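*Asks:* What follows is the file work-v3.cif, containing mmCIF, C-alpha atoms and all ligand atoms:
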```cif
data_coords
#
loop_
_atom_site.label_atom_id
_atom_site.label_comp_id
_atom_site.auth_asym_id
_atom_site.auth_seq_id
_atom_site.Cartn_x
_atom_site.Cartn_y
_atom_site.Cartn_z
CA MET A 1 23.09 21.28 -7.03
CA PRO A 2 20.13 18.82 -6.96
CA LEU A 3 21.09 15.13 -6.98
CA SER A 4 20.46 13.40 -10.28
CA LEU A 5 21.33 10.22 -12.15
CA PRO A 6 22.06 10.81 -15.84
CA ALA A 7 21.26 7.97 -18.27
CA GLY A 8 24.26 5.74 -18.94
CA GLN A 9 25.73 6.32 -15.47
CA LYS A 10 27.59 3.30 -14.08
CA ILE A 11 25.82 2.09 -10.95
CA VAL A 12 26.70 -0.67 -8.49
CA VAL A 13 23.65 -2.67 -7.50
CA ALA A 14 24.31 -3.61 -3.88
CA THR A 15 22.55 -6.95 -3.80
CA HIS A 16 23.77 -10.52 -3.77
CA ASN A 17 20.25 -11.86 -4.44
CA PRO A 18 19.94 -12.85 -8.12
CA GLY A 19 16.10 -12.67 -8.06
CA LYS A 20 16.15 -9.09 -6.87
CA ALA A 21 18.99 -8.08 -9.21
CA LYS A 22 16.92 -9.38 -12.15
CA GLU A 23 13.81 -7.45 -11.09
CA LEU A 24 15.77 -4.25 -10.45
CA ALA A 25 17.43 -4.46 -13.87
CA ALA A 26 14.00 -4.87 -15.52
CA ILE A 27 12.55 -1.95 -13.56
CA LEU A 28 15.58 0.23 -14.40
CA ASP A 29 14.81 -0.46 -18.07
CA ASN A 30 18.47 -0.60 -19.19
CA ARG A 31 18.79 3.08 -18.42
CA PHE A 32 22.15 2.63 -16.67
CA GLU A 33 25.29 0.54 -16.89
CA LEU A 34 24.78 -1.87 -13.98
CA VAL A 35 27.39 -3.91 -12.14
CA THR A 36 26.61 -5.97 -9.08
CA ALA A 37 28.40 -5.74 -5.75
CA GLY A 38 28.98 -9.48 -6.09
CA ALA A 39 30.75 -9.07 -9.46
CA LEU A 40 33.03 -6.38 -7.98
CA GLY A 41 33.80 -8.62 -4.99
CA LEU A 42 32.48 -6.02 -2.53
CA PRO A 43 31.90 -7.25 1.02
CA GLU A 44 28.31 -7.70 2.24
CA PRO A 45 27.77 -5.41 5.24
CA GLU A 46 25.79 -6.61 8.24
CA GLU A 47 22.18 -5.46 8.15
CA THR A 48 22.01 -4.20 11.70
CA GLU A 49 19.11 -1.75 11.44
CA THR A 50 15.53 -2.55 12.46
CA THR A 51 13.91 -0.85 9.45
CA PHE A 52 14.00 -1.48 5.68
CA VAL A 53 15.09 2.13 5.11
CA GLY A 54 17.95 1.80 7.61
CA ASN A 55 19.26 -1.43 6.05
CA ALA A 56 18.98 -0.13 2.47
CA LEU A 57 21.09 2.88 3.48
CA ILE A 58 23.73 0.65 5.13
CA LYS A 59 24.06 -1.43 1.94
CA ALA A 60 24.13 1.52 -0.50
CA ARG A 61 26.64 3.44 1.63
CA ALA A 62 28.97 0.42 1.99
CA SER A 63 29.00 -0.32 -1.77
CA ALA A 64 29.40 3.33 -2.79
CA ASP A 65 32.29 4.00 -0.42
CA ALA A 66 34.07 0.72 -1.27
CA SER A 67 33.71 1.05 -5.06
CA GLY A 68 33.85 4.81 -5.66
CA LEU A 69 30.68 4.44 -7.77
CA VAL A 70 27.10 5.53 -7.19
CA ALA A 71 25.36 2.59 -5.50
CA LEU A 72 21.75 1.44 -5.45
CA ALA A 73 20.56 -0.90 -2.71
CA ASP A 74 17.24 -2.39 -1.82
CA ASP A 75 16.00 -3.87 1.39
CA SER A 76 12.69 -5.58 1.33
CA GLY A 77 10.54 -8.14 3.00
CA LEU A 78 7.17 -9.47 3.98
CA SER A 79 5.32 -8.15 7.03
CA VAL A 80 2.36 -10.02 8.50
CA ALA A 81 -0.11 -7.92 10.50
CA ALA A 82 -1.09 -10.70 12.94
CA LEU A 83 2.61 -11.38 13.64
CA GLY A 84 3.36 -7.78 14.59
CA GLY A 85 5.09 -7.14 11.26
CA ALA A 86 7.27 -10.30 11.28
CA PRO A 87 9.22 -11.62 9.46
CA GLY A 88 9.87 -8.02 8.26
CA VAL A 89 13.58 -7.19 8.05
CA HIS A 90 14.27 -10.85 8.93
CA SER A 91 12.41 -12.17 5.83
CA ALA A 92 15.53 -13.65 4.25
CA ARG A 93 16.69 -15.16 7.56
CA TRP A 94 13.43 -17.12 8.04
CA ALA A 95 14.49 -19.18 5.01
CA GLY A 96 17.62 -20.37 6.85
CA PRO A 97 21.11 -20.86 5.44
CA GLU A 98 19.74 -22.99 2.60
CA LYS A 99 17.47 -20.10 1.49
CA ASP A 100 14.57 -22.52 1.67
CA PHE A 101 11.44 -20.43 1.11
CA ALA A 102 9.12 -23.45 1.26
CA LEU A 103 10.34 -23.70 4.86
CA ALA A 104 9.94 -19.94 5.45
CA MET A 105 6.37 -20.02 4.08
CA ARG A 106 5.51 -22.98 6.33
CA LYS A 107 6.92 -21.04 9.29
CA VAL A 108 4.65 -18.09 8.46
CA GLU A 109 1.67 -20.46 8.17
CA GLU A 110 2.45 -22.12 11.53
CA ARG A 111 2.93 -18.83 13.37
CA LEU A 112 -0.30 -17.53 11.85
CA GLU A 113 -2.18 -20.64 12.99
CA GLU A 114 -0.84 -20.08 16.52
CA THR A 115 -2.52 -16.66 16.60
CA GLU A 116 -5.91 -18.37 16.02
CA GLY A 117 -7.09 -15.10 14.52
CA GLU A 118 -8.85 -14.32 11.25
CA ASP A 119 -6.45 -11.67 10.06
CA SER A 120 -4.30 -12.85 7.16
CA SER A 121 -3.37 -9.39 5.94
CA ALA A 122 0.24 -8.75 5.01
CA TRP A 123 2.34 -6.37 2.99
CA PHE A 124 5.61 -6.30 1.11
CA THR A 125 7.88 -3.30 1.66
CA CYS A 126 10.80 -2.21 -0.47
CA ALA A 127 13.21 0.53 0.52
CA LEU A 128 15.53 1.77 -2.23
CA ALA A 129 18.60 3.81 -1.35
CA VAL A 130 21.04 5.55 -3.67
CA ALA A 131 24.34 6.68 -2.19
CA TRP A 132 27.13 8.71 -3.74
CA PRO A 133 30.68 7.69 -2.72
CA ASN A 134 31.55 9.53 0.48
CA GLY A 135 28.61 11.80 -0.31
CA PRO A 136 24.86 12.16 0.16
CA ALA A 137 22.16 9.50 -0.07
CA VAL A 138 18.49 9.40 -1.02
CA VAL A 139 16.04 6.76 0.25
CA VAL A 140 12.41 5.97 -0.64
CA GLU A 141 9.93 3.24 0.30
CA GLY A 142 7.15 1.40 -1.56
CA ARG A 143 4.52 -0.93 -0.14
CA VAL A 144 1.92 -3.31 -1.55
CA ASP A 145 -0.86 -4.71 0.62
CA GLY A 146 -2.51 -8.10 0.31
CA GLN A 147 -3.65 -11.31 2.00
CA LEU A 148 -1.75 -14.51 2.72
CA VAL A 149 -3.05 -17.72 1.14
CA PHE A 150 -2.19 -21.33 1.99
CA PRO A 151 -1.16 -23.61 0.42
CA PRO A 152 1.29 -21.56 -1.69
CA ARG A 153 0.17 -20.95 -5.30
CA GLY A 154 2.38 -20.59 -8.38
CA THR A 155 5.99 -21.15 -9.29
CA ARG A 156 6.97 -17.71 -10.60
CA GLY A 157 8.80 -14.92 -8.80
CA PHE A 158 10.86 -15.71 -5.70
CA GLY A 159 10.78 -15.74 -1.92
CA TYR A 160 7.30 -15.43 -0.42
CA ASP A 161 5.57 -14.70 -3.76
CA PRO A 162 3.41 -17.91 -3.79
CA ILE A 163 1.58 -17.00 -0.54
CA PHE A 164 0.96 -13.32 -1.32
CA LEU A 165 -2.31 -12.34 -2.95
CA PRO A 166 -2.21 -8.59 -3.66
CA ASN A 167 -5.47 -6.78 -2.84
CA GLY A 168 -7.74 -6.41 -5.86
CA HIS A 169 -6.19 -9.36 -7.74
CA ASP A 170 -7.02 -13.06 -8.02
CA GLN A 171 -3.51 -14.35 -8.72
CA THR A 172 -0.68 -14.57 -6.18
CA PHE A 173 2.68 -12.97 -7.00
CA GLY A 174 3.82 -16.56 -7.64
CA GLU A 175 1.15 -17.00 -10.34
CA MET A 176 1.42 -13.60 -12.05
CA ASP A 177 3.78 -13.11 -14.93
CA ALA A 178 6.77 -10.86 -14.26
CA ALA A 179 5.28 -7.84 -16.03
CA ALA A 180 2.04 -8.04 -14.01
CA LYS A 181 4.00 -8.16 -10.74
CA ASP A 182 6.29 -5.31 -11.87
CA ALA A 183 3.22 -3.15 -12.54
CA ILE A 184 2.09 -3.22 -8.88
CA SER A 185 4.98 -4.45 -6.76
CA HIS A 186 6.49 -2.73 -3.73
CA ARG A 187 9.78 -2.57 -5.67
CA ALA A 188 8.14 -0.88 -8.68
CA LEU A 189 6.35 1.64 -6.43
CA ALA A 190 9.60 2.46 -4.65
CA PHE A 191 11.32 2.90 -7.99
CA GLU A 192 8.59 5.30 -9.18
CA LYS A 193 9.32 7.41 -6.12
CA LEU A 194 13.06 7.22 -6.77
CA LYS A 195 12.53 8.30 -10.38
CA ALA A 196 10.47 11.25 -9.22
CA ALA A 197 13.25 12.20 -6.81
CA LEU A 198 16.27 11.73 -9.06
CA LEU A 199 15.65 11.25 -12.77
P1 LIG A 201 16.85 -8.66 1.86
O1 LIG A 201 16.24 -7.41 1.31
O2 LIG A 201 18.04 -9.10 1.08
O3 LIG A 201 17.09 -8.57 3.33
O4 LIG A 201 15.84 -9.87 1.65
C1 LIG A 201 14.46 -9.65 1.59
C2 LIG A 201 13.71 -10.96 1.54
O5 LIG A 201 12.33 -10.60 1.54
C3 LIG A 201 13.92 -11.77 0.29
O6 LIG A 201 14.90 -12.74 0.42
C4 LIG A 201 12.54 -12.43 0.13
O7 LIG A 201 12.45 -13.51 0.96
C5 LIG A 201 11.59 -11.40 0.68
N1 LIG A 201 11.06 -10.59 -0.44
C6 LIG A 201 11.37 -9.32 -0.76
N2 LIG A 201 10.73 -8.93 -1.86
C7 LIG A 201 10.01 -9.99 -2.26
C8 LIG A 201 9.16 -10.21 -3.37
O8 LIG A 201 8.94 -9.38 -4.25
N3 LIG A 201 8.60 -11.43 -3.43
C9 LIG A 201 8.82 -12.40 -2.51
N4 LIG A 201 9.62 -12.26 -1.48
C10 LIG A 201 10.22 -11.05 -1.35
#
```
Take the structure from the file and write it as structure tokens.
Ligand code: IMP
*Replies:*
Amino acid sequence: MPLSLPAGQKIVVATHNPGKAKELAAILDNRFELVTAGALGLPEPEETETTFVGNALIKARASADASGLVALADDSGLSVAALGGAPGVHSARWAGPEKDFALAMRKVEERLEETEGEDSSAWFTCALAVAWPNGPAVVVEGRVDGQLVFPPRGTRGFGYDPIFLPNGHDQTFGEMDAAAKDAISHRALAFEKLKAALL
């Protein structure tokens, strides 16, 4: 039987990041009954993989098996070409325990300056994994390419949004309104692929 997600299905969203939970809920368009892993008191597994896909699968699998519900997880981050793809899967960690993204953005700027190169290209990646309890899993990946700009611009969005200027646009993700970001974001692209696979 092909895997599918009927409308109204109860799904655990395996994230403890409120910014991402909000964006995922908007992208999912109220199609499902969503509960968060945080609300169910599910433990946060260690993200031990070196790829976004690997970490999304770890999180979806852990929430599905612990809750007995279908689980959706995302793993995402910013990759900078001149830094060999860093911060990548460590994007959240660069902000430190205080989740200070002003600090993380300064760190990116400093590392980029150290390269003394001209290349400010970067991309956001989002892997989305759906896992059935003690069953199969599906994983997809979306990517949006752009350039880094300093100083940061805009107060919308979250994380590294103020330094990311998507190619073909003149506003950073931090300046765009939520709907404009949702129309082109790595998360939205990944979700389109997930829809094609499952819905
Ligand atoms: P994780 O997926 O929980 O490991 O965290 C990914 C991190 O990547 C987030 O905490 C953000 O710092 C960054 N990130 C992922 N997606 C976005 C985005 O759409 N805008 C800005 N930063 C993002």
*Asks:* Taking only C-alpha atoms and all ligand atoms into account, which residues have an atom no farther than 9 Å from ligand LIG 201 (chain A)? I'd like them as number ranges by chain.
*Replies:* A: 15-17, 19-20, 23, 47, 52, 55-56, 73-78, 87-95, 99, 101, 104, 124-127, 157-164, 173-174, 181, 185-187
*Asks:* Compile the contact shell of Gly8 in chain A as a tab-separated table (two decimals) with C-alpha atoms, in the coordinates of the input: residues with an atom at most 8 Å away, counting all atoms listed in the file, same-chain residues fewer than 4 positions apart removed.
*Replies:*
```tsv
chain	number	residue	atom	x	y	z
A	31	ARG	CA	18.79	3.08	-18.42
A	32	PHE	CA	22.15	2.63	-16.67
A	33	GLU	CA	25.29	0.54	-16.89
```
*Asks:* Just want the 12 Å neighbourhood of Ser121 in chain A, counted on only C-alpha atoms, with same-chain residues fewer than 5 positions away dropped. Output as a ChimeraX atom specification.
*Replies:* /A:78-86,112,144-149,163-167
*Asks:* Choose the residue, out of A:Thr172, A:Ser63, A:Thr48, A:Asn30, that has the smallest atom-to-atom separation from Ala131 in chain A; count all atoms listed in the file.
*Replies:*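 Under the stated criterion, the closest residue is A:Ser63.
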*Asks:* Of the candidates A:Asp182, A:Asp100, A:Glu49, A:Glu141, which shows the shortest atom-to-atom distance to Ala26 in chain A, using all atoms listed in the file?
*Replies:*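 So, comparing all the options, the nearest one is A:Asp182.
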*Asks:* Measuring atom to atom with all atoms listed in the file, identify which of A:Ile184, A:Leu3, A:Met105, A:Leu194 is nearest to Trp132 in chain A.
*Replies:*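 Comparing A:Ile184, A:Leu3, A:Met105, A:Leu194 against Trp132 in chain A, the winner is A:Leu3.
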*Asks:* Have a look at A:Ala178, A:Leu42, A:Leu24, A:Leu103 and name the one nearest to Ala62 in chain A; count all atoms listed in the file.
*Replies:* A:Leu42
*Asks:* Closest to Ala137 in chain A among A:Pro97, A:Gly41, A:Pro6, A:Gly54, using only C-alpha atoms?
*Replies:* A:Gly54
*Asks:* Identify which of the residues A:Thr155, A:Ala39, A:Phe150, A:Ala183 lies closest to Lys107 in chain A, counting all atoms listed in the file when measuring atom-to-atom distances.
*Replies:*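 Looking only at the distances to Lys107 in chain A, the closest residue turns out to be A:Phe150.
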*Asks:* Can you pull out the residues contacting Val12 in chain A? Cut-off 7 Å, using all atoms listed in the file, and skip same-chain residues under 4 positions away; I want them as a list in words.
*Replies:*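 Close residues of Val12 in chain A: Leu34, Val35, Thr36, Ala37, Leu69, Val70, Ala71 and Leu72 of chain A.
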*Asks:* Report the distance between CA of Val130 in chain A and CA of Lys195 in chain A in Å, rounded to one decimal place.
*Replies:*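 Pair CA of Val130 in chain A / CA of Lys195 in chain A returns 11.2 Å.
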*Asks:* Would you pick out the contacts of Pro133 in chain A at 8 Å or less, using all atoms listed in the file, so that residues sharing its chain but fewer than 3 positions from it are not included, and give the list as a list in words?
*Replies:*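 Everything that qualifies: Arg61, Ala64, Asp65, Ala66, Ser67, Gly68, Leu69, Val70, Ala71 and Pro136 of chain A.
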*Asks:* Using Å and a single decimal, report how far CA of Gly38 in chain A sits from CA of Val53 in chain A.
*Replies:* 21.3 Å
*Asks:* Just give me the gap between CA of Pro43 in chain A and CA of Ile58 in chain A in Å, one decimal is fine.
*Replies:* 12.1 Å
